[in-house]
file target.cif (mmCIF, C-alpha atoms)
data_entry
#
loop_
_atom_site.label_atom_id
_atom_site.label_comp_id
_atom_site.auth_asym_id
_atom_site.auth_seq_id
_atom_site.Cartn_x
_atom_site.Cartn_y
_atom_site.Cartn_z
CA MET A 1 -5.44 43.76 9.04
CA ALA A 2 -3.01 40.98 9.77
CA ASN A 3 -2.55 40.35 6.04
CA THR A 4 -1.91 44.04 5.43
CA ASP A 5 0.69 44.23 8.19
CA SER A 6 2.39 41.11 6.86
CA TYR A 7 2.44 42.58 3.36
CA LYS A 8 4.00 45.84 4.57
CA LYS A 9 6.61 43.93 6.55
CA ASN A 10 7.60 41.68 3.65
CA TYR A 11 7.61 44.33 0.93
CA SER A 12 8.88 47.44 2.67
CA GLY A 13 11.76 48.60 0.48
CA TYR A 14 11.11 45.71 -1.91
CA ASN A 15 11.63 46.56 -5.57
CA LEU A 16 9.43 44.55 -7.90
CA GLY A 17 11.42 45.48 -11.00
CA ILE A 18 14.68 44.18 -9.53
CA SER A 19 13.02 40.88 -8.66
CA MET A 20 11.84 40.57 -12.26
CA LEU A 21 15.34 41.44 -13.49
CA LYS A 22 16.84 38.70 -11.28
CA MET A 23 14.49 36.18 -12.87
CA LEU A 24 15.40 37.40 -16.37
CA ALA A 25 19.13 37.36 -15.58
CA CYS A 26 18.87 33.83 -14.20
CA PHE A 27 17.23 32.70 -17.43
CA LEU A 28 19.88 34.54 -19.46
CA VAL A 29 22.58 32.55 -17.63
CA ILE A 30 20.90 29.36 -18.83
CA VAL A 31 20.71 30.77 -22.36
CA SER A 32 24.41 31.65 -22.20
CA HIS A 33 25.44 28.13 -21.22
CA ILE A 34 22.87 25.99 -23.01
CA TRP A 35 21.49 27.65 -26.12
CA GLY A 36 23.14 26.58 -29.38
CA VAL A 37 25.16 29.26 -31.14
CA ASN A 38 23.87 28.66 -34.67
CA ILE A 39 20.70 30.76 -34.54
CA VAL A 40 19.27 33.71 -36.46
CA TYR A 41 20.33 36.81 -34.58
CA THR A 42 17.10 38.82 -35.20
CA GLY A 43 13.74 39.53 -33.59
CA PRO A 44 12.85 39.04 -29.91
CA LEU A 45 14.98 35.90 -29.64
CA GLY A 46 17.87 37.88 -31.07
CA TRP A 47 17.53 40.34 -28.18
CA ILE A 48 17.53 37.49 -25.68
CA TYR A 49 20.66 36.09 -27.29
CA PHE A 50 22.29 39.54 -27.28
CA LEU A 51 21.57 40.14 -23.58
CA ARG A 52 22.73 36.70 -22.43
CA GLU A 53 26.32 37.77 -21.70
CA TYR A 54 25.22 40.67 -19.49
CA ALA A 55 23.45 38.60 -16.83
CA VAL A 56 26.62 38.20 -14.76
CA PRO A 57 27.29 41.98 -14.56
CA VAL A 58 23.69 42.44 -13.39
CA PHE A 59 24.10 39.85 -10.63
CA MET A 60 27.49 41.18 -9.49
CA ILE A 61 26.40 44.82 -9.38
CA LEU A 62 23.21 43.94 -7.51
CA ALA A 63 25.07 41.71 -5.05
CA PHE A 64 27.13 44.66 -3.81
CA PHE A 65 24.26 47.11 -4.10
CA PHE A 66 22.40 45.05 -1.52
CA SER A 67 25.44 44.40 0.69
CA GLN A 68 26.72 47.99 0.78
CA LYS A 69 25.27 48.85 4.17
CA MET A 70 26.84 45.94 6.07
CA ILE A 71 30.20 46.59 4.38
CA THR A 72 30.13 50.31 5.18
CA GLN A 73 29.21 49.61 8.80
CA SER A 74 31.82 46.83 9.09
CA ASP A 75 29.06 44.59 10.42
CA TRP A 76 31.17 41.45 10.70
CA ASP A 77 28.32 39.34 12.07
CA LYS A 78 26.28 39.92 8.90
CA ILE A 79 29.37 39.59 6.72
CA LEU A 80 30.18 36.23 8.29
CA LYS A 81 26.60 35.04 7.77
CA ARG A 82 26.83 36.14 4.15
CA ILE A 83 30.07 34.21 3.65
CA ILE A 84 28.50 31.09 5.16
CA LYS A 85 25.49 31.45 2.87
CA LEU A 86 27.88 31.58 -0.07
CA ILE A 87 30.11 28.71 1.04
CA VAL A 88 27.31 26.21 1.77
CA PRO A 89 25.94 26.06 -1.81
CA LEU A 90 29.48 26.24 -3.22
CA PHE A 91 30.62 23.14 -1.35
CA VAL A 92 27.38 21.13 -1.32
CA TRP A 93 26.57 21.63 -5.00
CA ALA A 94 30.16 20.68 -5.82
CA LEU A 95 29.60 17.37 -4.02
CA ILE A 96 26.21 16.85 -5.69
CA TYR A 97 27.66 17.45 -9.14
CA TRP A 98 30.61 15.17 -8.44
CA ILE A 99 28.35 12.31 -7.32
CA PHE A 100 26.00 12.66 -10.29
CA TYR A 101 28.78 12.93 -12.85
CA LYS A 102 30.58 10.02 -11.19
CA LEU A 103 27.43 7.94 -11.72
CA LEU A 104 27.24 9.15 -15.31
CA GLN A 105 30.85 8.10 -15.75
CA GLU A 106 30.13 4.61 -14.43
CA PHE A 107 26.89 3.91 -16.29
CA LEU A 108 26.46 6.27 -19.26
CA TYR A 109 29.76 7.88 -20.22
CA PRO A 110 32.60 5.43 -19.50
CA GLY A 111 35.14 7.73 -21.12
CA TYR A 112 34.35 10.59 -18.76
CA ASP A 113 37.35 10.47 -16.38
CA LEU A 114 36.39 12.17 -13.09
CA LYS A 115 38.68 12.22 -10.04
CA VAL A 116 38.62 13.47 -6.46
CA LYS A 117 40.88 16.38 -7.44
CA ASP A 118 38.09 17.63 -9.71
CA LEU A 119 35.80 17.82 -6.67
CA LEU A 120 38.44 19.80 -4.76
CA TRP A 121 38.97 22.21 -7.65
CA GLN A 122 35.21 22.72 -7.82
CA MET A 123 34.92 23.38 -4.09
CA PHE A 124 37.75 25.89 -3.84
CA THR A 125 37.69 27.64 -7.21
CA GLY A 126 34.10 26.99 -8.33
CA ASN A 127 35.48 26.35 -11.77
CA SER A 128 36.20 22.67 -12.42
CA VAL A 129 36.18 22.07 -16.17
CA TYR A 130 34.51 18.69 -15.55
CA LEU A 131 31.79 19.77 -13.12
CA ASN A 132 30.11 23.17 -12.76
CA GLY A 133 32.33 26.04 -13.87
CA THR A 134 29.46 28.48 -13.26
CA MET A 135 30.21 28.56 -9.54
CA TRP A 136 33.30 30.73 -10.00
CA PHE A 137 30.82 33.52 -9.35
CA GLN A 138 30.30 32.31 -5.76
CA VAL A 139 34.05 32.26 -5.13
CA ASN A 140 34.41 35.78 -6.51
CA LEU A 141 31.56 36.98 -4.28
CA ILE A 142 33.28 35.54 -1.22
CA VAL A 143 36.67 37.09 -2.06
CA LEU A 144 35.27 40.49 -3.03
CA THR A 145 32.98 40.73 -0.01
CA LEU A 146 35.91 40.11 2.33
CA ALA A 147 38.23 42.40 0.33
CA LEU A 148 35.84 45.37 0.30
CA ALA A 149 34.97 44.89 3.97
CA LEU A 150 38.65 44.83 4.94
CA ILE A 151 39.39 47.99 2.92
CA VAL A 152 36.55 49.81 4.68
CA PHE A 153 37.73 48.54 8.06
CA VAL A 154 41.37 49.54 7.52
CA ALA A 155 40.96 52.77 5.51
CA ASN A 156 37.52 53.93 6.55
CA LYS A 157 37.87 57.62 5.63
CA PHE A 158 39.41 56.91 2.24
CA HIS A 159 37.74 53.66 1.25
CA ASN A 160 35.65 55.17 -1.56
CA GLU A 161 38.75 56.63 -3.17
CA LEU A 162 40.53 53.28 -2.91
CA PHE A 163 37.53 51.48 -4.37
CA ALA A 164 37.42 53.87 -7.33
CA LEU A 165 41.18 53.55 -7.90
CA CYS A 166 40.98 49.74 -7.88
CA ALA A 167 38.10 49.81 -10.38
CA ILE A 168 39.94 52.16 -12.76
CA VAL A 169 43.16 50.12 -12.60
CA CYS A 170 41.26 46.89 -13.29
CA ILE A 171 39.48 48.37 -16.30
CA TYR A 172 42.84 49.56 -17.65
CA LEU A 173 44.32 46.07 -17.17
CA GLN A 174 41.40 44.57 -19.09
CA TYR A 175 41.97 46.75 -22.16
CA ALA A 176 45.75 46.36 -21.92
CA GLY A 177 45.52 42.57 -21.62
CA THR A 178 47.96 42.64 -18.72
CA MET A 179 46.29 39.80 -16.84
CA LEU A 180 46.38 37.32 -19.71
CA PHE A 181 49.46 35.67 -18.23
CA ILE A 182 47.03 33.89 -15.88
CA TYR A 183 46.09 31.63 -18.80
CA LYS A 184 49.42 29.89 -18.22
CA PHE A 185 47.97 28.33 -15.07
CA LYS A 186 45.42 25.55 -14.80
CA ALA A 187 42.00 26.33 -16.27
CA GLU A 188 40.39 26.24 -12.84
CA ILE A 189 42.76 28.92 -11.53
CA ALA A 190 42.77 30.99 -14.71
CA GLY A 191 38.98 31.12 -14.91
CA SER A 192 38.35 32.23 -11.34
CA VAL A 193 41.33 34.54 -10.84
CA GLY A 194 41.08 36.01 -14.32
CA ARG A 195 37.44 36.89 -13.86
CA LEU A 196 38.09 38.27 -10.39
CA HIS A 197 39.76 41.40 -11.74
CA GLU A 198 36.87 41.80 -14.21
CA MET A 199 34.34 41.67 -11.36
CA ILE A 200 36.06 44.30 -9.18
CA PRO A 201 34.71 47.33 -11.12
CA MET A 202 31.21 45.83 -11.07
CA ALA A 203 31.36 45.23 -7.31
CA VAL A 204 32.58 48.79 -6.73
CA ILE A 205 29.86 50.27 -8.92
CA GLY A 206 27.19 48.24 -7.13
CA TYR A 207 28.52 49.53 -3.81
CA PHE A 208 28.51 53.15 -5.07
CA LEU A 209 24.96 52.82 -6.42
CA ALA A 210 23.74 52.14 -2.90
CA TYR A 211 26.20 54.41 -1.06
CA TYR A 212 25.18 57.50 -3.05
CA GLY A 213 21.53 56.50 -3.57
CA LEU A 214 21.81 56.72 -7.36
CA LEU A 215 19.09 54.21 -8.16
CA GLU A 216 16.60 55.94 -5.88
CA LYS A 217 17.31 59.24 -7.61
CA SER A 218 16.46 57.68 -10.97
CA ARG A 219 12.94 56.93 -9.75
CA LYS A 220 12.16 60.65 -9.73
CA HIS A 221 12.53 60.65 -13.52
CA TRP A 222 11.57 57.08 -14.27
CA ILE A 223 10.04 57.71 -17.69
CA THR A 224 13.19 59.47 -18.89
CA THR A 225 15.30 56.68 -17.36
CA ILE A 226 13.40 54.00 -19.28
CA LEU A 227 13.54 55.90 -22.57
CA VAL A 228 17.27 56.59 -22.25
CA SER A 229 17.86 52.95 -21.29
CA LEU A 230 15.98 51.61 -24.31
CA VAL A 231 17.75 53.94 -26.73
CA SER A 232 21.11 53.05 -25.17
CA LEU A 233 20.43 49.32 -25.52
CA TRP A 234 19.58 49.78 -29.19
CA MET A 235 22.64 51.95 -29.85
CA ILE A 236 25.04 49.58 -28.11
CA ARG A 237 23.66 46.54 -29.91
CA TYR A 238 23.67 47.94 -33.43
CA TYR A 239 26.54 50.45 -33.26
CA THR A 240 30.03 50.22 -31.76
CA VAL A 241 29.50 53.04 -29.27
CA ILE A 242 31.27 51.08 -26.53
CA PRO A 243 33.93 48.84 -28.06
CA LYS A 244 35.04 45.67 -26.38
CA PRO A 245 38.75 45.26 -25.56
CA ASP A 246 40.85 44.36 -28.60
CA VAL A 247 42.65 41.73 -26.54
CA GLN A 248 41.29 38.48 -25.19
CA THR A 249 39.42 38.71 -21.88
CA PHE A 250 38.07 36.24 -19.35
CA ASP A 251 34.53 36.77 -20.79
CA TYR A 252 33.49 39.93 -18.89
CA GLY A 253 36.20 42.48 -19.51
CA GLY A 254 35.65 46.04 -20.70
CA LEU A 255 33.20 48.88 -20.15
CA ARG A 256 30.54 47.35 -22.39
CA HIS A 257 29.60 44.72 -19.81
CA ILE A 258 29.53 47.28 -17.01
CA VAL A 259 27.40 49.76 -18.94
CA LEU A 260 24.92 47.14 -20.18
CA GLY A 261 24.55 45.78 -16.64
CA LEU A 262 23.88 49.28 -15.33
CA ILE A 263 21.36 50.06 -18.07
CA LEU A 264 19.33 46.95 -17.28
CA ILE A 265 19.37 47.68 -13.55
CA PHE A 266 18.26 51.31 -13.96
CA MET A 267 15.58 50.30 -16.47
CA PHE A 268 14.04 47.76 -14.10
CA TYR A 269 14.57 49.66 -10.84
CA ALA A 270 13.18 53.07 -11.82
CA PRO A 271 9.50 52.33 -12.70
CA PRO A 272 7.07 52.67 -9.75
CA LEU A 273 5.93 49.07 -9.99
CA GLU A 274 5.15 49.04 -6.26
CA LYS A 275 1.82 50.63 -7.24
CA LEU A 276 0.74 47.37 -8.83
CA PRO A 277 -1.70 45.23 -6.78
CA LYS A 278 -0.07 43.34 -3.94
CA PHE A 279 -0.98 39.96 -5.45
CA VAL A 280 1.40 40.81 -8.33
CA HIS A 281 4.21 41.33 -5.82
CA VAL A 282 3.43 37.99 -4.19
CA ILE A 283 3.42 36.16 -7.53
CA VAL A 284 6.69 37.74 -8.66
CA GLU A 285 8.38 36.92 -5.36
CA TRP A 286 7.11 33.35 -5.64
CA LEU A 287 8.48 33.05 -9.18
CA THR A 288 11.87 34.57 -8.31
CA LYS A 289 12.47 32.94 -4.93
CA TYR A 290 14.73 30.15 -6.19
CA THR A 291 17.08 31.91 -8.59
CA LEU A 292 20.06 30.63 -6.59
CA GLY A 293 18.95 27.01 -6.93
CA ILE A 294 18.26 27.43 -10.64
CA TYR A 295 21.66 29.07 -11.14
CA CYS A 296 23.47 26.29 -9.29
CA MET A 297 21.75 23.27 -10.85
CA HIS A 298 20.92 24.26 -14.43
CA ARG A 299 24.06 22.66 -15.91
CA LEU A 300 23.30 19.36 -14.20
CA VAL A 301 19.65 19.44 -15.30
CA GLY A 302 20.78 20.31 -18.81
CA THR A 303 23.22 17.41 -18.95
CA LEU A 304 20.65 14.86 -17.77
CA LEU A 305 17.96 16.27 -20.06
CA HIS A 306 20.39 16.20 -22.95
CA TYR A 307 21.08 12.51 -22.50
CA PHE A 308 17.62 11.19 -21.74
CA ILE A 309 15.85 13.17 -24.46
CA SER A 310 18.34 12.96 -27.31
CA HIS A 311 20.91 10.33 -26.28
CA ARG A 312 23.60 12.56 -27.69
CA THR A 313 27.05 13.22 -26.25
CA ILE A 314 27.66 14.97 -22.95
CA ASP A 315 28.15 18.30 -24.75
CA ILE A 316 24.98 20.23 -23.89
CA GLU A 317 25.55 23.34 -25.99
CA THR A 318 23.25 22.24 -28.81
CA PHE A 319 19.94 23.03 -27.12
CA THR A 320 17.20 25.31 -28.41
CA PHE A 321 15.60 28.31 -26.75
CA PHE A 322 12.65 26.18 -25.63
CA ASP A 323 15.03 23.67 -24.07
CA CYS A 324 16.33 26.55 -21.96
CA VAL A 325 12.78 27.30 -20.81
CA LEU A 326 12.29 23.64 -19.92
CA ILE A 327 15.55 23.55 -17.95
CA TYR A 328 14.48 26.68 -16.04
CA VAL A 329 11.12 25.12 -15.15
CA ILE A 330 12.63 21.77 -14.10
CA SER A 331 15.28 23.53 -12.01
CA TYR A 332 12.60 25.65 -10.36
CA VAL A 333 10.50 22.61 -9.45
CA ILE A 334 13.51 20.80 -7.97
CA SER A 335 14.44 23.94 -6.01
CA PHE A 336 10.87 24.22 -4.72
CA LEU A 337 10.97 20.62 -3.49
CA ILE A 338 14.37 21.10 -1.83
CA ALA A 339 13.06 24.20 -0.05
CA ARG A 340 10.25 22.09 1.46
CA ILE A 341 12.81 20.09 3.46
CA PRO A 342 12.58 21.42 7.05
CA CYS A 343 16.26 22.31 7.34
CA LYS A 344 17.88 25.74 6.96
CA TRP A 345 21.02 24.22 5.44
CA THR A 346 19.14 22.65 2.54
CA ARG A 347 17.23 25.87 1.95
CA MET A 348 20.59 27.63 1.59
CA LEU A 349 21.12 25.53 -1.54
CA VAL A 350 18.23 27.15 -3.38
CA GLU A 351 17.19 30.41 -1.67
#

call {"tool": "encode", "arguments": {"input": "target.cif", "output": "structure tokens"}}
result
Amino acid sequence: MANTDSYKKNYSGYNLGISMLKMLACFLVIVSHIWGVNIVYTGPLGWIYFLREYAVPVFMILAFFFSQKMITQSDWDKILKRIIKLIVPLFVWALIYWIFYKLLQEFLYPGYDLKVKDLLWQMFTGNSVYLNGTMWFQVNLIVLTLALALIVFVANKFHNELFALCAIVCIYLQYAGTMLFIYKFKAEIAGSVGRLHEMIPMAVIGYFLAYYGLLEKSRKHWITTILVSLVSLWMIRYYTVIPKPDVQTFDYGGLRHIVLGLILIFMFYAPPLEKLPKFVHVIVEWLTKYTLGIYCMHRLVGTLLHYFISHRTIDIETFTFFDCVLIYVISYVISFLIARIPCKWTRMLVE
């Protein structure tokens, strides 16, 4: 009975499909950063390569889907805790990367010129070109969480209208190329600020998905949802049904990224996977528990693996698909070990 009660407590409202999607999206991030570009774009691996650039939209939409309630209620205690949980890995992983790359500079790559300013750029923009540019996502989460919460607090009755207006304006700016002037600034600023306006529509859509209960409604017609999602994926991949902006973007501009992110979320959320045996839920949660740690450290693991296995240059974008799997596994093991340290601050680095 105790086990049953514990299971109900841990998995009440838990969506198995979304947990599986988080694991897939985390792996797709590794594929996006590590996998070599000169591959055959066909078969199952071709689909993995195609989906790699839509992992970030999935993460951003889900982040605000799950934080909608505290934003709507202006629950500043929870919002503050969320900001702290975002800042701790942002700052600490910046320091870890800086130390490791500084050691690499001293002993393995003498031409790799790393300075204290690179650490500061990494901490406050998440986008140092010499460290871990992937963490711009954390900075955007912090800014957007505070921005949406402030809009709700100040314009409570009209906040949905303001959210929608901001999203529409940002999408227009992406297709018009209006924000490209940001490229005139340093790469660290351009990367984070430029992507910020591309993330706003995704954050708003994630918020609306929860606010209006749209994902829950899809579960009533889950077979239709899956079929429509699969057909849509096929159409978007092989036909230009949703064109990308004709102008340069900051990697995630345009409706295509938003739509693909939504399709994947609906496809994984709708099926009634909660009917599967509870041991399946436990296994999936165990496998997906450390996506944050894997996301934060995969570039560092990739760099070290790249050197010690191949003794090539510091450029890691020549790996194979199976190297990506290995990096995922190694990052998971390291995250698991970090989580065993009896300290909540270290667990924030990986959970």

call {"tool": "closest_residue", "arguments": {"input": "target.cif", "among": "A:Val204, A:Val350, A:Val88, A:Leu173", "to": "Cys296 in chain A", "atoms": "only C-alpha atoms"}}
result
A:Val350

call {"tool": "residues_around", "arguments": {"input": "target.cif", "residues": "range 89-93 of chain A", "least_positions_apart": "2", "cutoff": "7 Å", "atoms": "all atoms listed in the file", "output": "short mmCIF file (atom, residue, chain, number, x, y, z; two decimals) with C-alpha atoms, in the coordinates of the input"}}
result
data_model
loop_
_atom_site.label_atom_id
_atom_site.label_comp_id
_atom_site.auth_asym_id
_atom_site.auth_seq_id
_atom_site.Cartn_x
_atom_site.Cartn_y
_atom_site.Cartn_z
CA LEU A 86 27.88 31.58 -0.07
CA ILE A 87 30.11 28.71 1.04
CA LEU A 95 29.60 17.37 -4.02
CA ILE A 96 26.21 16.85 -5.69
CA TYR A 97 27.66 17.45 -9.14
CA MET A 123 34.92 23.38 -4.09
CA GLY A 126 34.10 26.99 -8.33
CA MET A 135 30.21 28.56 -9.54
CA GLN A 138 30.30 32.31 -5.76
CA MET A 348 20.59 27.63 1.59
CA LEU A 349 21.12 25.53 -1.54
#

call {"tool": "closest_residue", "arguments": {"input": "target.cif", "among": "A:Phe64, A:Tyr49, A:Phe250, A:Tyr239", "to": "Glu198 in chain A", "atoms": "all atoms listed in the file"}}
result
A:Phe250

call {"tool": "resolve_selection", "arguments": {"input": "target.cif", "expression": "the PyMOL selection byres ((chain A and resi 269) around 12)", "output": "mmCIF file with C-alpha atoms, keeping the file's coordinate frame"}}
result
data_model
loop_
_atom_site.group_PDB
_atom_site.id
_atom_site.type_symbol
_atom_site.label_atom_id
_atom_site.label_comp_id
_atom_site.auth_asym_id
_atom_site.auth_seq_id
_atom_site.Cartn_x
_atom_site.Cartn_y
_atom_site.Cartn_z
ATOM 1 C CA GLY A 13 11.760 48.600 0.480
ATOM 2 C CA TYR A 14 11.110 45.710 -1.910
ATOM 3 C CA ASN A 15 11.630 46.560 -5.570
ATOM 4 C CA LEU A 16 9.430 44.550 -7.900
ATOM 5 C CA GLY A 17 11.420 45.480 -11.000
ATOM 6 C CA ILE A 18 14.680 44.180 -9.530
ATOM 7 C CA SER A 19 13.020 40.880 -8.660
ATOM 8 C CA MET A 20 11.840 40.570 -12.260
ATOM 9 C CA LEU A 21 15.340 41.440 -13.490
ATOM 10 C CA LYS A 22 16.840 38.700 -11.280
ATOM 11 C CA VAL A 58 23.690 42.440 -13.390
ATOM 12 C CA LEU A 62 23.210 43.940 -7.510
ATOM 13 C CA LEU A 209 24.960 52.820 -6.420
ATOM 14 C CA LEU A 214 21.810 56.720 -7.360
ATOM 15 C CA LEU A 215 19.090 54.210 -8.160
ATOM 16 C CA GLU A 216 16.600 55.940 -5.880
ATOM 17 C CA LYS A 217 17.310 59.240 -7.610
ATOM 18 C CA SER A 218 16.460 57.680 -10.970
ATOM 19 C CA ARG A 219 12.940 56.930 -9.750
ATOM 20 C CA LYS A 220 12.160 60.650 -9.730
ATOM 21 C CA HIS A 221 12.530 60.650 -13.520
ATOM 22 C CA TRP A 222 11.570 57.080 -14.270
ATOM 23 C CA ILE A 223 10.040 57.710 -17.690
ATOM 24 C CA THR A 225 15.300 56.680 -17.360
ATOM 25 C CA ILE A 226 13.400 54.000 -19.280
ATOM 26 C CA SER A 229 17.860 52.950 -21.290
ATOM 27 C CA LEU A 262 23.880 49.280 -15.330
ATOM 28 C CA ILE A 263 21.360 50.060 -18.070
ATOM 29 C CA LEU A 264 19.330 46.950 -17.280
ATOM 30 C CA ILE A 265 19.370 47.680 -13.550
ATOM 31 C CA PHE A 266 18.260 51.310 -13.960
ATOM 32 C CA MET A 267 15.580 50.300 -16.470
ATOM 33 C CA PHE A 268 14.040 47.760 -14.100
ATOM 34 C CA ALA A 270 13.180 53.070 -11.820
ATOM 35 C CA PRO A 271 9.500 52.330 -12.700
ATOM 36 C CA PRO A 272 7.070 52.670 -9.750
ATOM 37 C CA LEU A 273 5.930 49.070 -9.990
ATOM 38 C CA GLU A 274 5.150 49.040 -6.260
#

call {"tool": "resolve_selection", "arguments": {"input": "target.cif", "expression": "the PyMOL selection byres ((chain A and resi 245) around 9)", "output": "list of chain:residue names"}}
result
A:Gln174, A:Tyr175, A:Ala176, A:Gly177, A:Pro243, A:Lys244, A:Asp246, A:Val247, A:Gln248, A:Thr249, A:Gly253, A:Gly254, A:Leu255

call {"tool": "write_last_selection", "arguments": {"input": "target.cif", "atoms": "C-alpha atoms", "output": "CSV table (one decimal), in the frame of the given file"}}
result
chain,number,residue,atom,x,y,z
A,174,GLN,CA,41.4,44.6,-19.1
A,175,TYR,CA,42.0,46.8,-22.2
A,176,ALA,CA,45.8,46.4,-21.9
A,177,GLY,CA,45.5,42.6,-21.6
A,243,PRO,CA,33.9,48.8,-28.1
A,244,LYS,CA,35.0,45.7,-26.4
A,246,ASP,CA,40.8,44.4,-28.6
A,247,VAL,CA,42.6,41.7,-26.5
A,248,GLN,CA,41.3,38.5,-25.2
A,249,THR,CA,39.4,38.7,-21.9
A,253,GLY,CA,36.2,42.5,-19.5
A,254,GLY,CA,35.6,46.0,-20.7
A,255,LEU,CA,33.2,48.9,-20.2

call {"tool": "closest_residue", "arguments": {"input": "target.cif", "among": "A:Ile99, A:Ile71, A:Ala190, A:Ala339", "to": "Ile151 in chain A", "atoms": "only C-alpha atoms"}}
result
A:Ile71

call {"tool": "atom_distance", "arguments": {"input": "target.cif", "atom1": "CA of Asp251 in chain A", "atom2": "CA of Gly43 in chain A"}}
result
24.6 Å

call {"tool": "atom_distance", "arguments": {"input": "target.cif", "atom1": "CA of Met60 in chain A", "atom2": "CA of Glu161 in chain A"}}
result
20.1 Å

call {"tool": "resolve_selection", "arguments": {"input": "target.cif", "expression": "the PyMOL selection byres ((chain A and resi 128) around 10)", "output": "list in words"}}
result
Ala94, Lys117, Asp118, Leu119, Leu120, Trp121, Gln122, Met123, Phe124, Thr125, Gly126, Asn127, Val129, Tyr130, Leu131, Asn132, Gly133, Thr134, Met135, Trp136, Lys186, Ala187, Glu188, Ile189, Gly191 and Ser192 of chain A

call {"tool": "closest_residue", "arguments": {"input": "target.cif", "among": "A:Phe100, A:Phe59, A:Phe50, A:Tyr252", "to": "Cys170 in chain A", "atoms": "all atoms listed in the file"}}
result
A:Tyr252

call {"tool": "residues_around", "arguments": {"input": "target.cif", "residues": "Lys69 in chain A", "least_positions_apart": "6", "cutoff": "9 Å", "atoms": "all atoms listed in the file", "output": "NGL selection string"}}
result
:A and (75 or 207 or 210-211)

call {"tool": "atom_distance", "arguments": {"input": "target.cif", "atom1": "CA of Val231 in chain A", "atom2": "CA of Leu28 in chain A"}}
result
20.8 Å

call {"tool": "closest_residue", "arguments": {"input": "target.cif", "among": "A:Ile205, A:Trp345, A:Thr72, A:Ile34", "to": "Leu326 in chain A", "atoms": "all atoms listed in the file"}}
result
A:Ile34

call {"tool": "residues_near_point", "arguments": {"input": "target.cif", "point": "(13.4, 32.2, -1.1)", "cutoff": "9 Å", "atoms": "all atoms listed in the file", "output": "VMD selection string"}}
result
chain A and resid 285 to 286 288 to 292 339 347 to 348 350 to 351

call {"tool": "closest_residue", "arguments": {"input": "target.cif", "among": "A:Ala25, A:Val329, A:Ala147, A:Val259", "to": "His159 in chain A", "atoms": "all atoms listed in the file"}}
result
A:Ala147

call {"tool": "residues_around", "arguments": {"input": "target.cif", "residues": "Cys166 in chain A", "least_positions_apart": "5", "cutoff": "10 Å", "atoms": "all atoms listed in the file", "output": "ChimeraX atom specification"}}
result
/A:160-161,171-172,197,200-201,204

call {"tool": "axis_aligned_box", "arguments": {"input": "target.cif", "around": "range 52-62 of chain A", "padding_each_side": "5 Å", "output": "JSON"}}
result
{"center_x": 25.1, "center_y": 40.8, "center_z": -15.0, "size_x": 14.8, "size_y": 18.1, "size_z": 24.9}

call {"tool": "decode", "arguments": {"input": "target.cif", "residues": "range 234-245 of chain A", "atoms": "N, CA and C atoms", "output": "compact mmCIF listing (two decimals), in the first residue's frame"}}
result
# COMPACT_ATOMS: atom_id res chain seq x y z
N TRP A 234 5.93 14.78 -42.00
CA TRP A 234 6.34 14.33 -43.33
C TRP A 234 6.19 15.45 -44.36
N MET A 235 5.06 16.16 -44.29
CA MET A 235 4.81 17.24 -45.25
C MET A 235 5.82 18.38 -45.07
N ILE A 236 6.10 18.73 -43.83
CA ILE A 236 7.01 19.85 -43.58
C ILE A 236 8.43 19.50 -43.98
N ARG A 237 8.80 18.23 -43.80
CA ARG A 237 10.17 17.85 -44.15
C ARG A 237 10.38 17.81 -45.67
N TYR A 238 9.42 17.26 -46.38
CA TYR A 238 9.64 17.01 -47.81
C TYR A 238 9.03 18.06 -48.72
N TYR A 239 8.17 18.94 -48.17
CA TYR A 239 7.56 19.99 -48.99
C TYR A 239 7.67 21.32 -48.24
N THR A 240 7.73 22.41 -48.98
CA THR A 240 7.89 23.73 -48.36
C THR A 240 6.53 24.28 -47.97
N VAL A 241 5.85 23.60 -47.05
CA VAL A 241 4.53 24.07 -46.62
C VAL A 241 4.66 25.21 -45.63
N ILE A 242 5.77 25.26 -44.91
CA ILE A 242 6.02 26.37 -43.98
C ILE A 242 7.43 26.89 -44.28
N PRO A 243 7.55 27.89 -45.10
CA PRO A 243 8.89 28.37 -45.48
C PRO A 243 9.59 29.06 -44.32
N LYS A 244 10.90 28.92 -44.31
CA LYS A 244 11.70 29.67 -43.36
C LYS A 244 11.83 31.11 -43.84
N PRO A 245 12.19 32.04 -42.94
CA PRO A 245 12.39 33.43 -43.37
C PRO A 245 13.47 33.50 -44.45
